[in-house]
$ cat entry25.cif   # mmCIF, C-alpha atoms
data_query
#
loop_
_atom_site.label_atom_id
_atom_site.label_comp_id
_atom_site.auth_asym_id
_atom_site.auth_seq_id
_atom_site.Cartn_x
_atom_site.Cartn_y
_atom_site.Cartn_z
CA MET T 1 46.55 132.86 131.38
CA THR T 2 46.82 129.32 132.70
CA ILE T 3 49.33 126.61 131.89
CA GLY T 4 47.62 123.71 130.15
CA LEU T 5 48.56 120.37 128.66
CA GLU T 6 49.78 121.94 125.41
CA HIS T 7 52.43 124.01 127.21
CA TYR T 8 54.00 120.93 128.79
CA LEU T 9 53.81 118.94 125.55
CA VAL T 10 55.45 121.71 123.51
CA LEU T 11 58.20 122.01 126.15
CA SER T 12 58.70 118.25 125.90
CA ALA T 13 58.83 118.35 122.09
CA ILE T 14 61.43 121.14 122.07
CA LEU T 15 63.56 119.33 124.66
CA PHE T 16 63.34 116.08 122.68
CA SER T 17 64.42 117.87 119.48
CA ILE T 18 67.43 119.41 121.24
CA GLY T 19 68.44 115.96 122.44
CA LEU T 20 67.89 114.53 118.95
CA TYR T 21 70.16 117.16 117.43
CA GLY T 22 72.86 116.45 120.01
CA ALA T 23 72.66 112.69 119.48
CA LEU T 24 72.98 113.07 115.70
CA ALA T 25 75.57 115.84 115.43
CA LYS T 26 78.24 115.11 118.05
CA HIS T 27 81.62 113.37 117.94
CA ASN T 28 82.08 112.60 121.62
CA ALA T 29 80.30 109.39 122.69
CA ILE T 30 79.67 110.71 126.23
CA VAL T 31 77.96 113.82 124.84
CA ILE T 32 75.79 111.55 122.67
CA LEU T 33 74.81 109.62 125.80
CA MET T 34 74.00 112.91 127.60
CA SER T 35 71.78 113.92 124.68
CA ILE T 36 69.93 110.61 124.95
CA GLU T 37 69.35 111.34 128.66
CA ILE T 38 67.81 114.69 127.67
CA MET T 39 65.49 112.90 125.24
CA LEU T 40 64.41 110.45 127.97
CA SER T 41 63.67 113.35 130.34
CA ALA T 42 61.54 114.97 127.63
CA VAL T 43 59.50 111.79 127.24
CA ASN T 44 59.02 111.62 131.02
CA ILE T 45 57.65 115.19 131.02
CA ALA T 46 55.14 114.24 128.30
CA LEU T 47 54.05 111.06 130.14
CA ILE T 48 53.50 112.88 133.43
CA ALA T 49 51.68 115.76 131.72
CA PHE T 50 49.28 113.28 130.09
CA SER T 51 48.81 111.56 133.45
CA ARG T 52 48.08 114.88 135.18
CA PHE T 53 45.66 116.34 132.62
CA ILE T 54 43.91 113.33 131.02
CA VAL T 55 43.60 110.76 133.85
CA PRO T 56 44.48 112.58 137.11
CA ALA T 57 43.05 109.82 139.32
CA GLU T 58 44.75 106.88 137.58
CA LEU T 59 48.52 107.69 137.91
CA THR T 60 49.36 105.30 135.06
CA GLY T 61 51.53 107.85 133.24
CA GLN T 62 53.58 108.33 136.39
CA ILE T 63 54.14 104.57 136.67
CA PHE T 64 55.35 104.49 133.05
CA ALA T 65 57.71 107.38 133.83
CA LEU T 66 59.01 105.47 136.87
CA PHE T 67 59.86 102.44 134.71
CA ALA T 68 61.39 104.71 132.06
CA MET T 69 63.65 106.19 134.76
CA ALA T 70 64.82 102.77 135.94
CA VAL T 71 65.56 101.65 132.39
CA ALA T 72 67.35 104.95 131.70
CA ALA T 73 69.61 104.35 134.71
CA ALA T 74 70.41 100.85 133.44
CA GLU T 75 71.06 102.18 129.93
CA THR T 76 73.46 104.85 131.21
CA ALA T 77 75.40 102.35 133.33
CA VAL T 78 75.89 99.89 130.46
CA GLY T 79 76.53 102.67 127.92
CA LEU T 80 79.27 104.24 130.02
CA ALA T 81 80.79 100.80 130.69
CA ILE T 82 80.94 100.18 126.93
CA ILE T 83 82.49 103.64 126.35
CA ILE T 84 85.19 103.04 129.01
CA SER T 85 85.90 99.58 127.58
CA ILE T 86 86.29 101.05 124.07
CA TYR T 87 88.53 103.81 125.45
CA ARG T 88 90.81 101.18 127.00
CA ASN T 89 91.18 99.36 123.71
CA LYS T 90 91.27 102.20 121.18
CA GLU T 91 92.35 105.27 123.27
CA THR T 92 89.48 107.29 121.82
CA ILE T 93 85.75 107.80 122.31
CA ASP T 94 85.24 109.70 119.07
CA ALA T 95 82.12 108.11 117.61
CA ASN T 96 83.47 108.62 114.07
CA LYS T 97 86.62 106.61 114.81
CA ILE T 98 84.86 103.70 116.53
CA ASP T 99 84.31 101.42 113.54
CA LEU T 100 84.92 97.98 115.08
CA MET T 101 81.66 96.63 113.64
CA LYS T 102 81.93 98.38 110.27
CA TRP T 103 82.23 95.91 107.42
CA MET L 104 49.74 133.06 138.95
CA GLY L 105 52.71 131.68 140.85
CA GLN L 106 52.42 128.44 138.92
CA VAL L 107 52.54 130.29 135.60
CA ILE L 108 55.71 132.15 136.58
CA ALA L 109 57.28 128.95 137.92
CA PHE L 110 56.47 127.09 134.68
CA TRP L 111 58.10 129.73 132.49
CA VAL L 112 61.17 129.98 134.74
CA PHE L 113 61.63 126.19 134.69
CA ALA L 114 60.92 125.93 130.95
CA VAL L 115 63.46 128.63 130.04
CA ALA L 116 66.03 127.12 132.42
CA ILE L 117 65.56 123.59 131.02
CA ILE L 118 65.79 124.64 127.38
CA GLY L 119 68.77 126.93 128.02
CA ALA L 120 70.61 124.19 129.91
CA ALA L 121 69.80 121.58 127.24
CA LEU L 122 71.08 123.92 124.49
CA GLY L 123 74.23 124.41 126.56
CA VAL L 124 74.72 120.63 126.82
CA VAL L 125 74.44 120.28 123.06
CA LEU L 126 76.33 123.40 121.95
CA LEU L 127 79.13 123.98 124.49
CA LYS L 128 82.64 122.93 123.46
CA ASN L 129 83.75 122.01 126.99
CA VAL L 130 82.47 118.52 127.91
CA PHE L 131 82.73 119.09 131.65
CA ARG L 132 80.64 122.28 131.52
CA ALA L 133 78.11 120.39 129.41
CA ALA L 134 77.85 117.75 132.16
CA VAL L 135 77.28 120.43 134.83
CA LEU L 136 74.56 122.00 132.66
CA LEU L 137 72.99 118.54 132.32
CA VAL L 138 72.57 118.58 136.12
CA ALA L 139 70.83 121.98 135.86
CA CYS L 140 68.57 120.56 133.16
CA PHE L 141 67.60 117.62 135.42
CA PHE L 142 66.83 120.03 138.30
CA GLY L 143 64.50 121.96 136.00
CA VAL L 144 62.75 118.75 134.97
CA ALA L 145 62.26 117.89 138.66
CA GLY L 146 60.65 121.32 139.14
CA ILE L 147 58.31 120.64 136.20
CA PHE L 148 57.35 117.33 137.85
CA ILE L 149 56.42 119.20 141.04
CA LEU L 150 54.27 121.61 139.00
CA LEU L 151 52.53 118.55 137.53
CA SER L 152 51.84 117.38 141.14
CA ALA L 153 54.09 114.32 140.76
CA ASP L 154 55.94 114.72 144.04
CA PHE L 155 57.31 111.18 144.31
CA LEU L 156 58.69 111.29 140.77
CA ALA L 157 60.32 114.66 141.43
CA ALA L 158 62.15 113.12 144.40
CA MET L 159 63.13 110.11 142.26
CA GLN L 160 64.32 112.44 139.49
CA ILE L 161 66.66 114.17 141.93
CA LEU L 162 67.85 110.91 143.50
CA ILE L 163 68.36 108.87 140.32
CA TYR L 164 69.29 111.44 137.70
CA ILE L 165 71.16 114.04 139.74
CA GLY L 166 72.46 111.69 142.42
CA ALA L 167 73.48 108.72 140.28
CA ILE L 168 73.50 109.34 136.54
CA SER L 169 75.24 112.73 136.66
CA ILE L 170 77.96 111.35 138.93
CA LEU L 171 78.43 108.41 136.54
CA VAL L 172 78.68 110.73 133.51
CA ILE L 173 81.19 113.04 135.22
CA LEU L 174 83.23 110.01 136.37
CA ALA L 175 83.30 108.69 132.79
CA ILE L 176 84.42 112.10 131.49
CA MET L 177 87.27 112.12 134.00
CA LEU L 178 88.28 108.52 133.22
CA THR L 179 88.46 108.98 129.46
CA ARG L 180 90.58 112.18 129.30
CA GLU L 181 88.78 113.40 126.20
CA VAL L 182 88.09 116.84 127.72
CA ALA L 183 91.04 118.27 125.80
CA PHE L 184 89.40 117.48 122.46
CA GLY L 185 86.16 119.19 123.45
CA SER L 186 82.84 118.30 121.90
CA PRO L 187 82.97 119.29 118.22
CA SER L 188 80.13 118.72 115.80
CA ASN L 189 80.56 116.21 113.00
CA LYS L 190 79.90 116.68 109.29
CA PHE L 191 76.20 115.96 109.78
CA GLN L 192 75.64 119.16 111.78
CA ILE L 193 73.36 120.86 109.24
CA PRO L 194 71.33 117.74 108.27
CA ALA L 195 70.94 116.93 111.97
CA PHE L 196 69.67 120.45 112.66
CA ILE L 197 67.20 120.20 109.77
CA ILE L 198 65.93 116.80 110.98
CA ALA L 199 65.52 118.06 114.56
CA ALA L 200 63.75 121.25 113.40
CA LEU L 201 61.39 119.32 111.10
CA PHE L 202 60.62 116.84 113.89
CA CYS L 203 59.98 119.69 116.34
CA THR L 204 57.61 121.56 114.01
CA GLY L 205 55.77 118.35 113.10
CA VAL L 206 55.21 117.33 116.71
CA ILE L 207 54.18 120.84 117.80
CA TRP L 208 51.74 121.04 114.86
CA ALA L 209 50.24 117.71 115.92
CA ILE L 210 49.99 118.81 119.57
CA LEU L 211 48.24 122.08 118.76
CA ASN L 212 45.80 120.50 116.29
CA THR L 213 44.59 117.68 118.54
CA GLN L 214 41.48 118.00 120.69
CA TRP L 215 42.74 116.70 124.05
CA GLN L 216 40.07 115.40 126.42
CA ILE L 217 41.15 117.33 129.49
CA SER L 218 39.74 115.86 132.69
CA SER L 219 38.42 118.29 135.27
CA VAL L 220 39.20 116.01 138.22
CA ALA L 221 41.68 117.60 140.61
CA PRO L 222 44.84 115.53 141.22
CA GLY L 223 45.39 114.04 144.66
CA ALA L 224 47.44 115.89 147.23
CA THR L 225 50.19 113.25 147.33
CA THR L 226 50.95 110.49 144.86
CA THR L 227 53.24 108.20 146.87
CA SER L 228 50.55 106.00 148.43
CA GLY L 229 48.58 105.83 145.16
CA LEU L 230 51.71 104.80 143.25
CA GLY L 231 52.52 102.16 145.88
CA VAL L 232 49.02 100.65 145.65
CA LYS L 233 49.16 100.68 141.84
CA LEU L 234 52.62 99.12 141.70
CA PHE L 235 52.24 96.34 144.26
CA SER L 236 48.56 95.35 144.17
CA LYS L 237 47.57 92.07 142.51
CA ASP L 238 45.71 93.66 139.59
CA GLY L 239 48.31 96.43 139.25
CA PHE L 240 51.82 96.44 137.88
CA ILE L 241 53.37 93.73 140.04
CA LEU L 242 54.76 91.73 137.07
CA PRO L 243 56.80 94.66 135.60
CA VAL L 244 57.95 95.46 139.14
CA GLU L 245 59.30 91.90 139.38
CA ILE L 246 60.88 91.97 135.91
CA LEU L 247 62.69 95.26 136.52
CA PRO L 248 65.08 93.90 139.22
CA THR L 249 66.16 91.24 136.70
CA VAL L 250 67.00 94.01 134.24
CA LEU L 251 68.94 95.88 136.92
CA LEU L 252 70.82 92.71 137.94
CA ALA L 253 71.75 92.04 134.32
CA THR L 254 72.90 95.67 134.07
CA ILE L 255 75.15 95.35 137.11
CA LEU L 256 76.69 92.10 135.87
CA GLY L 257 77.09 93.46 132.34
CA ALA L 258 78.76 96.65 133.51
CA ILE L 259 81.19 94.71 135.73
CA VAL L 260 82.08 92.29 132.92
CA LEU L 261 82.54 95.12 130.40
CA VAL L 262 84.92 97.24 132.46
CA LYS L 263 86.90 94.36 133.95
CA ASP L 264 90.56 94.52 132.95
CA ARG L 265 91.32 91.34 131.03
CA LYS L 266 95.00 92.16 130.43
CA LYS L 267 96.98 90.77 133.34
#
$ encode --input "entry25.cif" --output "structure tokens"
Amino acid sequence: MTIGLEHYLVLSAILFSIGLYGALAKHNAIVILMSIEIMLSAVNIALIAFSRFIVPAELTGQIFALFAMAVAAAETAVGLAIIISIYRNKETIDANKIDLMKW
Amino acid sequence: MGQVIAFWVFAVAIIGAALGVVLLKNVFRAAVLLVACFFGVAGIFILLSADFLAAMQILIYIGAISILVILAIMLTREVAFGSPSNKFQIPAFIIAALFCTGVIWAILNTQWQISSVAPGATTTSGLGVKLFSKDGFILPVEILPTVLLATILGAIVLVKDRKK
């Protein structure tokens, strides 16, 4: 038995679904951000698996994954800054109680 | 054979750690399991012969993002409240399960055009040529520092204490 493209893609799909569940079903804003990081990692696995099995000589999937990593780092930094700023103002990071923009 | 065993070990470790992140009540333990999950993903990258990206995964995700997340957990003192699920727990589970089955069905029913070319021994020089050559990805490489600069400025402005 060898490990093919499908194995990596199914692993990526399961990991993405776990992250999706966490992002939808959690109160704590930091845990939601962690779930989004899991989803981004799952997408990176899929991109690199495509790069390895479909176009091994081109490396384009790996370049996409590299950009996705840089944007993920930026997203985490700004997201955590927003969470800390909200915590200073409202003393909570419960996503259900943060309704500043609710009409 | 070794690769098969390594894949299953990494896959089980990643999925177990990700489930721990989502299901554990203790936020700090969830953050530590997130680090384990990122290590597993780095191992998967090595199995996919993406050595440079595995190193970047460890440097960026484990070295920077995990530290940032743990620092935010410590700064917000929400550990006492844990990480409970909200009232959408069951709909969220149904959506995630439906999404998972749909994607897996699509993956297994597609005829992928697998290339038989063997991947190169190392990817670092190939990635460098692709990223910085004139007909490569030089424009995104130049845009990305602007994004990172905006991120730094935005983060500083957001967390600055305005109350004097």
$ residues_around --input "entry25.cif" --residues "stretch 12-18 of chain T" --least-positions-apart "3" --cutoff "6 Å" --atoms "all atoms listed in the file" --output "ChimeraX atom specification"
/T:9,21,39,42,46 /L:199,203
$ residues_around --input "entry25.cif" --residues "T:Asp99" --least-positions-apart "5" --cutoff "12 Å" --atoms "only C-alpha atoms" --output "list in words"
Ile86, Lys90, Thr92, Ile93 and Asp94 of chain T
$ write_last_selection --input "entry25.cif" --atoms "C-alpha atoms" --output "compact mmCIF listing (two decimals), in the frame of the given file"
# COMPACT_ATOMS: atom_id res chain seq x y z
CA ILE T 86 86.29 101.05 124.07
CA LYS T 90 91.27 102.20 121.18
CA THR T 92 89.48 107.29 121.82
CA ILE T 93 85.75 107.80 122.31
CA ASP T 94 85.24 109.70 119.07
$ atom_distance --input "entry25.cif" --atom1 "atom CA of L:Val125" --atom2 "atom CA of T:Ile84"
21.2 Å
$ residues_around --input "entry25.cif" --residues "stretch 115-118 of chain L" --least-positions-apart "5" --cutoff "12 Å" --atoms "only C-alpha atoms" --output "PDB file with C-alpha atoms, in the coordinates of the input"
ATOM      1  CA  VAL T  10      55.450 121.710 123.510  1.00  0.00           C
ATOM      2  CA  LEU T  11      58.200 122.010 126.150  1.00  0.00           C
ATOM      3  CA  SER T  12      58.700 118.250 125.900  1.00  0.00           C
ATOM      4  CA  ALA T  13      58.830 118.350 122.090  1.00  0.00           C
ATOM      5  CA  ILE T  14      61.430 121.140 122.070  1.00  0.00           C
ATOM      6  CA  LEU T  15      63.560 119.330 124.660  1.00  0.00           C
ATOM      7  CA  PHE T  16      63.340 116.080 122.680  1.00  0.00           C
ATOM      8  CA  SER T  17      64.420 117.870 119.480  1.00  0.00           C
ATOM      9  CA  ILE T  18      67.430 119.410 121.240  1.00  0.00           C
ATOM     10  CA  GLY T  19      68.440 115.960 122.440  1.00  0.00           C
ATOM     11  CA  ILE T  38      67.810 114.690 127.670  1.00  0.00           C
ATOM     12  CA  MET T  39      65.490 112.900 125.240  1.00  0.00           C
ATOM     13  CA  SER T  41      63.670 113.350 130.340  1.00  0.00           C
ATOM     14  CA  ALA T  42      61.540 114.970 127.630  1.00  0.00           C
ATOM     15  CA  ILE T  45      57.650 115.190 131.020  1.00  0.00           C
TER      16      ILE T  45
ATOM     17  CA  ILE L 108      55.710 132.150 136.580  1.00  0.00           C
ATOM     18  CA  ALA L 109      57.280 128.950 137.920  1.00  0.00           C
ATOM     19  CA  PHE L 110      56.470 127.090 134.680  1.00  0.00           C
ATOM     20  CA  GLY L 123      74.230 124.410 126.560  1.00  0.00           C
ATOM     21  CA  VAL L 124      74.720 120.630 126.820  1.00  0.00           C
ATOM     22  CA  VAL L 125      74.440 120.280 123.060  1.00  0.00           C
ATOM     23  CA  LEU L 126      76.330 123.400 121.950  1.00  0.00           C
ATOM     24  CA  LEU L 136      74.560 122.000 132.660  1.00  0.00           C
ATOM     25  CA  LEU L 137      72.990 118.540 132.320  1.00  0.00           C
ATOM     26  CA  VAL L 138      72.570 118.580 136.120  1.00  0.00           C
ATOM     27  CA  ALA L 139      70.830 121.980 135.860  1.00  0.00           C
ATOM     28  CA  CYS L 140      68.570 120.560 133.160  1.00  0.00           C
ATOM     29  CA  PHE L 141      67.600 117.620 135.420  1.00  0.00           C
ATOM     30  CA  PHE L 142      66.830 120.030 138.300  1.00  0.00           C
ATOM     31  CA  GLY L 143      64.500 121.960 136.000  1.00  0.00           C
ATOM     32  CA  VAL L 144      62.750 118.750 134.970  1.00  0.00           C
ATOM     33  CA  ALA L 145      62.260 117.890 138.660  1.00  0.00           C
ATOM     34  CA  GLY L 146      60.650 121.320 139.140  1.00  0.00           C
ATOM     35  CA  ILE L 147      58.310 120.640 136.200  1.00  0.00           C
TER      36      ILE L 147
END
$ interface_residues --input "entry25.cif" --of "chain L" --to "chain T" --cutoff "6 Å" --atoms "only C-alpha atoms" --output "ChimeraX atom specification"
/L:125,186,188-189,191-192,195-196,199,203,207,217-218,222,254,258,261-262
$ atom_distance --input "entry25.cif" --atom1 "atom CA of L:Ala134" --atom2 "atom CA of L:Ile173"
6.5 Å
$ atom_distance --input "entry25.cif" --atom1 "atom CA of L:Phe184" --atom2 "atom CA of L:Ile259"
27.6 Å
$ decode --input "entry25.cif" --residues "stretch 183-202 of chain L" --atoms "C-alpha atoms" --output "mmCIF file, in the first residue's frame"
data_model
loop_
_atom_site.group_PDB
_atom_site.id
_atom_site.type_symbol
_atom_site.label_atom_id
_atom_site.label_comp_id
_atom_site.auth_asym_id
_atom_site.auth_seq_id
_atom_site.Cartn_x
_atom_site.Cartn_y
_atom_site.Cartn_z
ATOM 1 C CA ALA L 183 -11.055 30.664 34.069
ATOM 2 C CA PHE L 184 -14.135 30.640 31.836
ATOM 3 C CA GLY L 185 -12.765 27.826 29.682
ATOM 4 C CA SER L 186 -13.852 27.296 26.117
ATOM 5 C CA PRO L 187 -17.537 26.312 26.158
ATOM 6 C CA SER L 188 -19.557 25.638 23.038
ATOM 7 C CA ASN L 189 -22.333 28.020 22.085
ATOM 8 C CA LYS L 190 -25.935 27.201 21.202
ATOM 9 C CA PHE L 191 -24.954 26.430 17.606
ATOM 10 C CA GLN L 192 -22.961 23.335 18.609
ATOM 11 C CA ILE L 193 -25.215 20.794 16.880
ATOM 12 C CA PRO L 194 -25.856 22.832 13.674
ATOM 13 C CA ALA L 195 -22.113 23.546 13.478
ATOM 14 C CA PHE L 196 -21.337 19.837 13.793
ATOM 15 C CA ILE L 197 -23.876 19.002 11.073
ATOM 16 C CA ILE L 198 -22.448 21.672 8.735
ATOM 17 C CA ALA L 199 -18.869 20.479 9.313
ATOM 18 C CA ALA L 200 -19.843 16.811 8.805
ATOM 19 C CA LEU L 201 -21.777 17.584 5.609
ATOM 20 C CA PHE L 202 -18.870 19.656 4.287
#
